[in-house]
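> Handing over my_file.txt, compact mmCIF, C-alpha atoms.
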# COMPACT_ATOMS: atom_id res chain seq x y z
CA MET A 1 -17.90 18.79 12.11
CA ASN A 2 -16.64 18.70 15.67
CA LYS A 3 -13.22 20.31 15.57
CA GLU A 4 -12.67 20.92 19.25
CA PHE A 5 -9.54 18.79 19.47
CA GLY A 6 -8.02 20.57 16.48
CA ASP A 7 -9.02 23.95 17.86
CA LEU A 8 -7.35 23.11 21.17
CA VAL A 9 -4.14 22.00 19.47
CA GLN A 10 -4.10 25.19 17.44
CA GLN A 11 -4.76 27.29 20.54
CA LEU A 12 -1.96 25.62 22.51
CA ARG A 13 0.44 25.95 19.60
CA LYS A 14 -0.31 29.65 19.12
CA ALA A 15 0.10 30.25 22.83
CA LYS A 16 3.70 29.14 22.36
CA ASP A 17 4.01 31.44 19.34
CA TRP A 18 4.91 28.52 17.07
CA THR A 19 4.06 28.31 13.39
CA VAL A 20 2.77 25.01 12.02
CA LYS A 21 6.23 24.29 10.64
CA ASP A 22 7.90 25.13 13.97
CA PHE A 23 5.56 22.71 15.71
CA ILE A 24 6.19 19.92 13.20
CA GLY A 25 9.93 20.42 13.66
CA LYS A 26 9.66 20.24 17.46
CA LEU A 27 7.52 17.12 17.33
CA GLY A 28 10.42 15.36 15.65
CA ALA A 29 8.04 12.87 14.14
CA LYS A 30 7.66 12.53 10.38
CA ILE A 31 4.49 14.54 10.03
CA SER A 32 3.65 16.39 6.86
CA PRO A 33 2.26 19.92 6.90
CA SER A 34 -0.86 18.46 5.25
CA TYR A 35 -1.42 16.10 8.16
CA MET A 36 -1.07 18.93 10.68
CA THR A 37 -3.66 20.88 8.69
CA LYS A 38 -5.95 17.86 8.82
CA ILE A 39 -5.54 17.73 12.61
CA GLU A 40 -6.10 21.43 13.28
CA ILE A 41 -8.69 22.17 10.61
CA HIS A 42 -10.34 18.97 9.43
CA GLY A 43 -10.90 17.09 12.66
CA GLU A 44 -8.33 14.33 12.15
CA ILE A 45 -7.37 12.56 15.40
CA PRO A 46 -3.75 11.38 15.50
CA LYS A 47 -2.46 8.32 17.35
CA ALA A 48 -2.18 8.40 21.12
CA GLU A 49 1.61 8.45 20.95
CA LEU A 50 1.61 11.65 18.94
CA ILE A 51 -1.01 13.23 21.19
CA CYS A 52 1.23 12.54 24.20
CA LYS A 53 4.21 14.09 22.40
CA MET A 54 2.13 17.18 21.67
CA ALA A 55 1.03 17.41 25.29
CA ASP A 56 4.66 17.19 26.47
CA LEU A 57 5.68 20.01 24.18
CA PHE A 58 2.77 22.17 25.26
CA GLY A 59 3.30 21.41 28.95
CA TYR A 60 -0.28 20.16 28.95
CA ASP A 61 -1.59 17.14 30.86
CA PRO A 62 -1.45 14.23 28.34
CA ARG A 63 -4.50 12.61 29.95
CA ASP A 64 -6.57 15.74 29.37
CA LEU A 65 -5.48 15.95 25.73
CA LEU A 66 -6.17 12.25 25.18
CA ASP A 67 -9.60 12.64 26.79
CA LYS A 68 -10.36 15.54 24.48
CA ALA A 69 -9.34 13.45 21.47
CA LYS A 70 -11.47 10.53 22.65
CA GLU A 71 -14.46 12.81 23.27
CA HIS A 72 -14.09 14.24 19.78
CA LYS A 73 -13.81 10.80 18.19
CA VAL A 74 -16.86 9.47 20.02
CA SER A 75 -18.89 12.55 19.15
CA SER A 76 -17.88 12.32 15.47
CA PHE A 77 -18.76 8.64 15.39
CA GLU A 78 -22.15 9.25 16.99
CA LYS A 79 -22.89 12.01 14.51
CA SER A 80 -21.89 9.81 11.59
CA LEU A 81 -24.06 6.98 12.93
CA GLU A 82 -27.03 9.33 13.29
CA GLU A 83 -26.56 10.58 9.73
CA LYS A 84 -26.47 7.01 8.41
CA TYR A 85 -29.56 6.12 10.40
CA GLN A 86 -31.49 9.13 9.08
CA LYS A 87 -30.42 8.27 5.54
CA ALA A 88 -31.57 4.67 5.97
CA VAL A 89 -34.92 5.82 7.37
CA GLY A 90 -35.34 8.19 4.44
CA MET A 91 -34.56 5.45 1.92
CA HIS A 92 -36.94 3.06 3.64
CA ARG A 93 -39.75 5.63 3.47
CA LEU A 94 -39.04 6.24 -0.20
CA GLU A 95 -39.18 2.54 -1.01
CA LYS A 96 -42.37 2.14 1.01
CA ASP A 97 -44.02 5.05 -0.84
CA LYS A 98 -43.03 3.52 -4.20
CA SER A 99 -44.36 0.13 -3.15
CA ASP A 100 -47.65 1.66 -1.92
CA ALA A 101 -48.00 3.59 -5.18
CA ARG A 102 -47.49 0.38 -7.22
CA ARG A 103 -50.20 -1.45 -5.23
CA LYS A 104 -52.68 1.33 -5.96
CA MET B 1 -4.27 47.50 -14.61
CA GLN B 2 -2.37 48.87 -11.67
CA GLU B 3 -3.49 51.11 -8.86
CA GLU B 4 -1.27 52.69 -6.29
CA ASN B 5 -0.13 50.29 -3.59
CA GLU B 6 -1.71 47.34 -5.36
CA VAL B 7 0.21 44.28 -6.44
CA SER B 8 1.00 44.00 -10.14
CA ASP B 9 -0.08 41.22 -12.51
CA SER B 10 3.46 39.90 -12.57
CA ASP B 11 3.45 39.80 -8.75
CA VAL B 12 0.27 37.72 -8.93
CA LEU B 13 1.78 35.32 -11.46
CA GLY B 14 5.00 35.12 -9.45
CA LEU B 15 3.11 34.27 -6.28
CA ALA B 16 1.08 31.58 -8.05
CA ARG B 17 4.33 30.04 -9.35
CA GLU B 18 5.91 30.21 -5.91
CA CYS B 19 2.88 28.51 -4.33
CA LEU B 20 2.94 25.79 -6.97
CA GLN B 21 6.64 25.18 -6.38
CA LYS B 22 6.00 24.77 -2.65
CA TYR B 23 3.13 22.40 -3.41
CA ARG B 24 5.34 20.40 -5.73
CA ASP B 25 8.11 20.23 -3.09
CA GLU B 26 5.66 19.09 -0.40
CA MET B 27 4.20 16.39 -2.64
CA GLY B 28 7.65 15.24 -3.77
CA TRP B 29 6.79 15.32 -7.46
CA ILE B 30 9.79 15.06 -9.74
CA SER B 31 8.36 14.91 -13.22
CA ARG B 32 5.34 16.69 -14.69
CA ALA B 33 3.72 13.32 -15.34
CA GLU B 34 3.34 12.82 -11.58
CA VAL B 35 1.54 16.11 -11.05
CA LYS B 36 -2.13 16.21 -10.17
CA ILE B 37 -3.26 19.54 -8.82
CA ASP B 38 -5.86 19.26 -6.08
CA ILE B 39 -6.95 22.53 -4.50
CA MET B 40 -7.77 21.03 -1.12
CA GLU B 41 -4.48 19.17 -0.99
CA PHE B 42 -2.76 22.42 -1.93
CA TYR B 43 -4.59 24.26 0.84
CA GLU B 44 -3.58 21.60 3.40
CA ALA B 45 0.03 21.31 2.23
CA VAL B 46 0.86 24.96 1.60
CA ILE B 47 -1.73 27.56 2.51
CA TYR B 48 -2.63 26.58 6.05
CA PRO B 49 0.94 25.69 7.17
CA GLU B 50 2.33 28.87 5.58
CA TYR B 51 -0.37 31.45 6.17
CA GLU B 52 -2.57 29.79 8.83
CA ILE B 53 -5.72 30.73 6.97
CA ARG B 54 -8.68 28.76 8.27
CA LEU B 55 -11.14 27.27 5.82
CA LEU B 56 -14.81 26.93 6.73
CA THR B 57 -17.21 25.12 4.40
CA ASN B 58 -20.36 24.50 6.41
CA TYR B 59 -22.01 27.89 6.19
CA ASP B 60 -24.72 29.34 3.98
CA LEU B 61 -23.17 32.62 2.85
CA GLY B 62 -26.44 34.11 1.62
CA CYS B 63 -26.81 36.37 -1.39
CA CYS B 64 -25.53 39.68 -2.67
CA ASP B 65 -27.31 41.73 -5.37
CA GLY B 66 -29.53 38.76 -6.13
CA GLN B 67 -26.61 36.37 -6.63
CA LYS B 68 -25.52 33.54 -4.40
CA ILE B 69 -22.31 34.29 -2.52
CA LEU B 70 -20.00 31.36 -3.23
CA GLY B 71 -16.96 32.52 -1.32
CA LYS B 72 -15.98 35.00 1.35
CA THR B 73 -12.58 36.06 2.66
CA ILE B 74 -11.80 37.98 5.80
CA PRO B 75 -8.02 38.52 5.42
CA ASN B 76 -7.52 40.21 8.82
CA GLU B 77 -8.97 37.23 10.63
CA GLY B 78 -7.30 34.72 8.34
CA ILE B 79 -10.57 33.07 7.35
CA ILE B 80 -11.90 31.79 4.04
CA LEU B 81 -15.47 30.57 3.75
CA VAL B 82 -16.86 28.57 0.84
CA ASP B 83 -20.63 28.19 0.66
CA LYS B 84 -21.89 24.82 1.82
CA SER B 85 -23.83 24.29 -1.42
CA ILE B 86 -20.57 23.85 -3.33
CA ASN B 87 -18.40 22.23 -0.65
CA GLN B 88 -15.87 19.58 -1.47
CA GLN B 89 -18.27 16.70 -0.76
CA SER B 90 -20.60 17.93 -3.50
CA LYS B 91 -17.78 17.49 -6.09
CA ASP B 92 -18.92 20.76 -7.64
CA PRO B 93 -16.12 22.11 -9.88
CA ARG B 94 -17.01 25.59 -8.65
CA PHE B 95 -15.50 24.61 -5.29
CA THR B 96 -12.06 24.34 -6.88
CA PHE B 97 -12.07 27.73 -8.50
CA THR B 98 -13.88 29.48 -5.65
CA LEU B 99 -11.32 28.26 -3.14
CA GLY B 100 -8.46 29.22 -5.45
CA HIS B 101 -10.02 32.65 -5.93
CA GLU B 102 -10.50 33.23 -2.20
CA ILE B 103 -6.95 32.07 -1.46
CA GLY B 104 -5.88 34.73 -3.95
CA HIS B 105 -7.72 37.40 -1.98
CA ALA B 106 -6.37 36.13 1.35
CA ILE B 107 -2.73 36.30 0.39
CA LEU B 108 -2.74 39.17 -2.11
CA HIS B 109 -5.26 41.60 -0.70
CA ALA B 110 -4.85 41.64 3.07
CA LYS B 111 -6.15 45.16 3.69
CA PRO B 112 -7.44 46.13 7.13
CA ASN B 113 -11.20 45.96 7.72
CA THR B 114 -11.91 44.47 4.30
CA ILE B 115 -14.16 41.54 3.55
CA TYR B 116 -14.43 40.02 0.09
CA ARG B 117 -17.77 38.51 -0.86
CA CYS B 118 -17.62 36.74 -4.18
CA THR B 119 -20.52 35.64 -6.35
CA GLU B 120 -20.39 33.56 -9.51
CA ASP B 121 -20.12 36.75 -11.56
CA SER B 122 -17.10 38.10 -9.71
CA ILE B 123 -15.40 34.70 -9.62
CA CYS B 124 -16.04 33.96 -13.28
CA TYR B 125 -15.91 37.30 -14.94
CA GLY B 126 -14.02 39.59 -12.54
CA GLY B 127 -15.27 42.62 -14.32
CA GLN B 128 -13.57 45.94 -13.90
CA ASN B 129 -12.71 45.30 -10.26
CA LEU B 130 -8.92 44.99 -10.02
CA ARG B 131 -8.87 42.75 -6.97
CA GLU B 132 -11.45 40.35 -8.42
CA TYR B 133 -9.46 40.20 -11.64
CA GLN B 134 -6.24 39.48 -9.73
CA ALA B 135 -7.89 36.81 -7.58
CA ASN B 136 -9.10 35.16 -10.80
CA LEU B 137 -5.64 35.48 -12.37
CA PHE B 138 -4.07 33.85 -9.33
CA ALA B 139 -6.64 31.03 -9.25
CA ALA B 140 -6.32 30.24 -12.96
CA ASN B 141 -2.53 30.15 -12.77
CA LEU B 142 -2.65 28.02 -9.65
CA ILE B 143 -5.26 25.50 -10.74
CA MET B 144 -4.36 25.36 -14.44
CA PRO B 145 -0.76 26.61 -14.68
CA ALA B 146 0.10 27.61 -18.24
CA LYS B 147 3.25 25.47 -18.56
CA PHE B 148 1.51 22.42 -17.16
CA VAL B 149 -1.55 22.81 -19.39
CA ARG B 150 0.70 23.24 -22.45
CA ASP B 151 2.85 20.28 -21.41
CA ARG B 152 -0.16 17.96 -21.01
CA TYR B 153 -1.67 19.22 -24.26
CA VAL B 154 1.53 18.51 -26.20
CA HIS B 155 1.94 15.14 -24.48
CA HIS B 156 -1.55 14.14 -25.58
CA TYR B 157 -2.03 15.91 -28.89
CA GLY B 158 1.46 16.87 -30.06
CA ASP B 159 2.58 20.31 -31.16
CA GLY B 160 0.31 22.77 -32.88
CA PRO B 161 -3.04 24.22 -31.94
CA PHE B 162 -6.43 22.83 -32.93
CA LEU B 163 -8.37 25.05 -35.30
CA TYR B 164 -12.11 25.32 -35.17
CA SER B 165 -13.71 26.52 -38.38
CA GLY B 166 -17.36 25.72 -37.76
CA PRO B 167 -19.59 22.66 -37.22
CA GLY B 168 -18.25 19.51 -38.85
CA TYR B 169 -16.06 16.45 -38.43
CA TYR B 170 -12.75 16.79 -36.60
CA ASP B 171 -9.99 14.35 -35.76
CA ILE B 172 -9.72 14.60 -31.97
CA ASP B 173 -8.26 11.26 -30.89
CA GLN B 174 -10.95 9.87 -33.19
CA ILE B 175 -13.21 11.38 -35.84
CA VAL B 176 -16.06 13.16 -34.10
CA TYR B 177 -18.78 15.50 -35.22
CA VAL B 178 -18.95 18.74 -33.28
CA ASP B 179 -21.75 21.20 -33.69
CA SER B 180 -20.28 24.19 -31.83
CA PHE B 181 -17.07 25.73 -30.58
CA GLY B 182 -18.17 24.91 -27.05
CA ARG B 183 -18.47 21.24 -27.94
CA PHE B 184 -15.12 21.37 -29.75
CA GLY B 185 -13.41 22.74 -26.64
CA TRP B 186 -15.17 20.20 -24.46
CA GLN B 187 -13.94 17.30 -26.62
CA LEU B 188 -10.37 18.57 -26.51
CA ALA B 189 -10.43 19.19 -22.77
CA ARG B 190 -12.00 15.85 -21.88
CA PRO B 191 -8.87 13.62 -21.85
CA LEU B 192 -6.82 16.27 -20.04
CA THR B 193 -9.10 16.96 -17.08
CA GLY B 194 -7.76 13.79 -15.45
CA TYR B 195 -4.55 15.67 -14.67
CA PHE B 196 -6.47 18.15 -12.58
CA SER B 197 -8.72 17.56 -9.66
CA ASN B 198 -12.35 18.58 -9.92
CA ILE B 199 -12.33 21.16 -12.68
CA SER B 200 -14.91 21.43 -15.42
CA LYS B 201 -14.06 20.58 -19.03
CA GLN B 202 -15.45 23.99 -19.93
CA SER B 203 -13.00 25.79 -17.68
CA LEU B 204 -10.07 23.83 -19.08
CA ALA B 205 -11.25 24.48 -22.63
CA TYR B 206 -11.43 28.19 -21.84
CA ARG B 207 -7.91 28.10 -20.44
CA MET B 208 -6.60 26.22 -23.48
CA SER B 209 -8.27 28.76 -25.69
CA ARG B 210 -6.66 31.67 -23.85
CA LEU B 211 -3.28 29.94 -24.11
CA GLY B 212 -3.67 29.66 -27.88
CA LEU B 213 -3.97 25.88 -27.91
CA ILE B 214 -7.45 26.06 -29.40
CA ILE B 215 -8.04 28.64 -32.11
CA ASN B 216 -11.49 29.76 -33.05
CA GLN B 217 -11.87 30.88 -36.65
CA THR B 218 -15.56 31.67 -36.26
CA ALA B 219 -17.59 34.22 -34.31
CA GLU B 220 -18.95 31.55 -31.95
CA SER B 221 -18.30 31.85 -28.25
CA LEU B 222 -16.98 28.96 -26.18
CA PHE B 223 -20.04 29.33 -24.00
CA GLY B 224 -22.64 30.03 -26.66
CA THR B 225 -25.30 32.48 -25.57
CA THR B 226 -25.77 30.88 -22.12
CA LYS B 227 -24.02 32.47 -19.19
CA LEU B 228 -22.08 29.49 -17.87
CA SER B 229 -19.21 29.21 -15.41
CA CYS B 230 -15.95 29.83 -17.18
CA ASN B 231 -13.59 29.72 -14.19
CA GLY B 232 -10.70 30.90 -16.28
CA VAL B 233 -9.01 34.15 -17.13
CA ILE B 234 -6.45 35.60 -19.50
CA SER B 235 -2.92 34.95 -18.34
Would you put the structure from the file into structure tokens?

Amino acid sequence: MNKEFGDLVQQLRKAKDWTVKDFIGKLGAKISPSYMTKIEIHGEIPKAELICKMADLFGYDPRDLLDKAKEHKVSSFEKSLEEKYQKAVGMHRLEKDKSDARRK
Amino acid sequence: MQEENEVSDSDVLGLARECLQKYRDEMGWISRAEVKIDIMEFYEAVIYPEYEIRLLTNYDLGCCDGQKILGKTIPNEGIILVDKSINQQSKDPRFTFTLGHEIGHAILHAKPNTIYRCTEDSICYGGQNLREYQANLFAANLIMPAKFVRDRYVHHYGDGPFLYSGPGYYDIDQIVYVDSFGRFGWQLARPLTGYFSNISKQSLAYRMSRLGLIINQTAESLFGTTKLSCNGVIS
């Protein structure tokens, strides 16, 4: 799983010496600790508005952070598409083998 | 079992209770009926925000002494790894207990330059190793807390334990024939596993047995002669 966005958020947060709970408090938005874990660890991409808020707090360029999020989302989507394609190919081959075996 | 500078069993139980309370507060549960313990949810809501322990599940952890390593904890680096063969997507009940066990190591046993590599044997049976035993104790009390298990048992079956006296017909919600103590425990655990996320009926039966909710009046083992995952310990 591509977790670069989450890794970057974690890195920026730690550079400020903030705990997860500190960061949630500073964001001022109603974010649960679980959701922050999903962002930093499980590759969840939050809405653009929240990303911009994070960038402001970190003193980071919001465009760069948004680009990172977009890059991550595109890469995850492409990977998921590839996995589905490979699965479909595998199933097609299986069905074809079964059909060939029946004809024999 | 207490060694110098080690945490005590009551410390372990206290920490499990404290973690559960935090989980309950985060989830906003008011009554026991609302509770459904999910180890991944617990990790996301409590463990990572509180301890910043990273969880990695996409690695093959290899083997140790001929046994597959299911979990690994590096407390100094704040990392827990669960083998990819039993990751959350596989819905393997061993994921639940392995993660609970490794969380136990991470927050109880943070000694410098120590890595914990846990196989099915150490996670299930603990053995004579104090830290493995304590990690199991923590996991069992986290995943299947005694009060909650008893509460759900009483809610479903009423007061009083079930007695197993050998193969035969038993009234468990309906009249069923059971041919072993293992099957008896499985039948009793079945309607209650819905209150927990991704645990085996066997592990819940074992827990109920240790809590005195199922009493065995025979010499049969809950697991027969086969070495199966128990994922439960004495509380």
> Only residues of chain B matter here; which ones have an atom within 12 Å of chain A, counting all atoms listed in the file? Give them as a ChimeraX atom specification.
/B:22-23,25-28,40-59,79
> Quick one: 4 Å padding each side, axis-aligned, all listed atoms of range 87-95 of chain A - centre and edge lengths in Å to one decimal, as lines of an AutoDock Vina configuration file?

center_x = -35.1
center_y = 5.4
center_z = 3.2
size_x = 17.3
size_y = 13.7
size_z = 16.4
> Using all atoms listed in the file, which of the listed residues (B:Leu108, B:Val178, B:Tyr116, B:Lys72) sits closest to Asp9 in chain B?
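For Asp9 in chain B, the nearest of the given residues is B:Leu108.
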> Report as a PyMOL selection string all protein, DNA and RNA residues lying within 9 Å of Asn76 in chain B, evaluated on only C-alpha atoms, omitting residues in the same chain fewer than 5 positions from it.
chain B and resi 106+110-115
> How would the residues just chosen look if you wrote them out with C-alpha atoms as a short mmCIF file (atom, residue, chain, number, x, y, z; two decimals), in the coordinates of the input?

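Below is the file selection-v6.cif, written as the result:
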data_model
loop_
_atom_site.label_atom_id
_atom_site.label_comp_id
_atom_site.auth_asym_id
_atom_site.auth_seq_id
_atom_site.Cartn_x
_atom_site.Cartn_y
_atom_site.Cartn_z
CA ALA B 106 -6.37 36.13 1.35
CA ALA B 110 -4.85 41.64 3.07
CA LYS B 111 -6.15 45.16 3.69
CA PRO B 112 -7.44 46.13 7.13
CA ASN B 113 -11.20 45.96 7.72
CA THR B 114 -11.91 44.47 4.30
CA ILE B 115 -14.16 41.54 3.55
#
> Using only C-alpha atoms, determine which residues lie at most 12 Å from His101 in chain B, disregarding the query and same-chain residues fewer than 2 positions distant; provide the list as an MDAnalysis selection string.
chainID B and resid 12 16 39 70:73 80:82 94:99 103:109 116:120 122:126 131:143 231:233
> At a cut-off of 8 Å around the point (6.7, 16.3, -21.2) (file coordinates), what residues fall inside when counting all atoms listed in the file? I'd like the answer as an mmCIF file with C-alpha atoms, in the coordinates of the input.

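The resulting result31.cif:
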data_model
loop_
_atom_site.group_PDB
_atom_site.id
_atom_site.type_symbol
_atom_site.label_atom_id
_atom_site.label_comp_id
_atom_site.auth_asym_id
_atom_site.auth_seq_id
_atom_site.Cartn_x
_atom_site.Cartn_y
_atom_site.Cartn_z
ATOM 1 C CA ARG B 32 5.340 16.690 -14.690
ATOM 2 C CA ALA B 33 3.720 13.320 -15.340
ATOM 3 C CA ASP B 151 2.850 20.280 -21.410
ATOM 4 C CA ARG B 152 -0.160 17.960 -21.010
ATOM 5 C CA VAL B 154 1.530 18.510 -26.200
ATOM 6 C CA HIS B 155 1.940 15.140 -24.480
#
> Take CA of Asn216 in chain B and CA of Gly14 in chain B and report the distance between them in Å, one decimal.
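So the two atoms, CA of Asn216 in chain B and CA of Gly14 in chain B, lie 29.3 Å apart.
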> For N, CA and C atoms, please extract range 32-53 of chain A from the block and return it as a compact mmCIF listing (two decimals), in the first residue's frame.

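Result written to decode-v2.txt:
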# COMPACT_ATOMS: atom_id res chain seq x y z
N SER A 32 -11.63 12.18 14.49
CA SER A 32 -11.41 11.21 15.56
C SER A 32 -9.96 10.73 15.50
N PRO A 33 -9.44 10.25 16.62
CA PRO A 33 -8.11 9.64 16.62
C PRO A 33 -8.03 8.49 15.61
N SER A 34 -9.12 7.75 15.46
CA SER A 34 -9.13 6.63 14.50
C SER A 34 -8.89 7.13 13.09
N TYR A 35 -9.52 8.26 12.75
CA TYR A 35 -9.38 8.78 11.39
C TYR A 35 -7.94 9.23 11.14
N MET A 36 -7.34 9.86 12.16
CA MET A 36 -5.94 10.29 12.01
C MET A 36 -5.03 9.08 11.82
N THR A 37 -5.34 7.99 12.53
CA THR A 37 -4.56 6.76 12.34
C THR A 37 -4.72 6.26 10.92
N LYS A 38 -5.94 6.33 10.41
CA LYS A 38 -6.20 5.87 9.04
C LYS A 38 -5.38 6.71 8.05
N ILE A 39 -5.27 8.01 8.32
CA ILE A 39 -4.51 8.89 7.42
C ILE A 39 -3.01 8.54 7.48
N GLU A 40 -2.48 8.46 8.69
CA GLU A 40 -1.03 8.29 8.82
C GLU A 40 -0.56 6.88 8.55
N ILE A 41 -1.40 5.90 8.88
CA ILE A 41 -0.96 4.50 8.79
C ILE A 41 -1.61 3.74 7.64
N HIS A 42 -2.88 3.99 7.40
CA HIS A 42 -3.60 3.14 6.44
C HIS A 42 -3.88 3.79 5.09
N GLY A 43 -3.22 4.89 4.80
CA GLY A 43 -3.30 5.43 3.44
C GLY A 43 -4.56 6.18 3.10
N GLU A 44 -5.35 6.55 4.10
CA GLU A 44 -6.58 7.31 3.84
C GLU A 44 -6.22 8.72 3.38
N ILE A 45 -6.89 9.23 2.37
CA ILE A 45 -6.65 10.61 1.92
C ILE A 45 -7.83 11.47 2.35
N PRO A 46 -7.59 12.50 3.16
CA PRO A 46 -8.70 13.34 3.62
C PRO A 46 -9.10 14.33 2.52
N LYS A 47 -10.15 15.10 2.83
CA LYS A 47 -10.62 16.10 1.85
C LYS A 47 -9.60 17.22 1.71
N ALA A 48 -9.70 17.92 0.59
CA ALA A 48 -8.73 18.97 0.27
C ALA A 48 -8.70 20.06 1.36
N GLU A 49 -9.88 20.35 1.89
CA GLU A 49 -9.98 21.40 2.91
C GLU A 49 -9.13 21.05 4.13
N LEU A 50 -9.20 19.80 4.53
CA LEU A 50 -8.43 19.36 5.70
C LEU A 50 -6.94 19.34 5.39
N ILE A 51 -6.61 18.93 4.17
CA ILE A 51 -5.20 18.91 3.76
C ILE A 51 -4.62 20.32 3.84
N CYS A 52 -5.41 21.30 3.39
CA CYS A 52 -4.94 22.70 3.42
C CYS A 52 -4.75 23.18 4.86
N LYS A 53 -5.66 22.76 5.73
CA LYS A 53 -5.54 23.13 7.15
C LYS A 53 -4.27 22.55 7.74
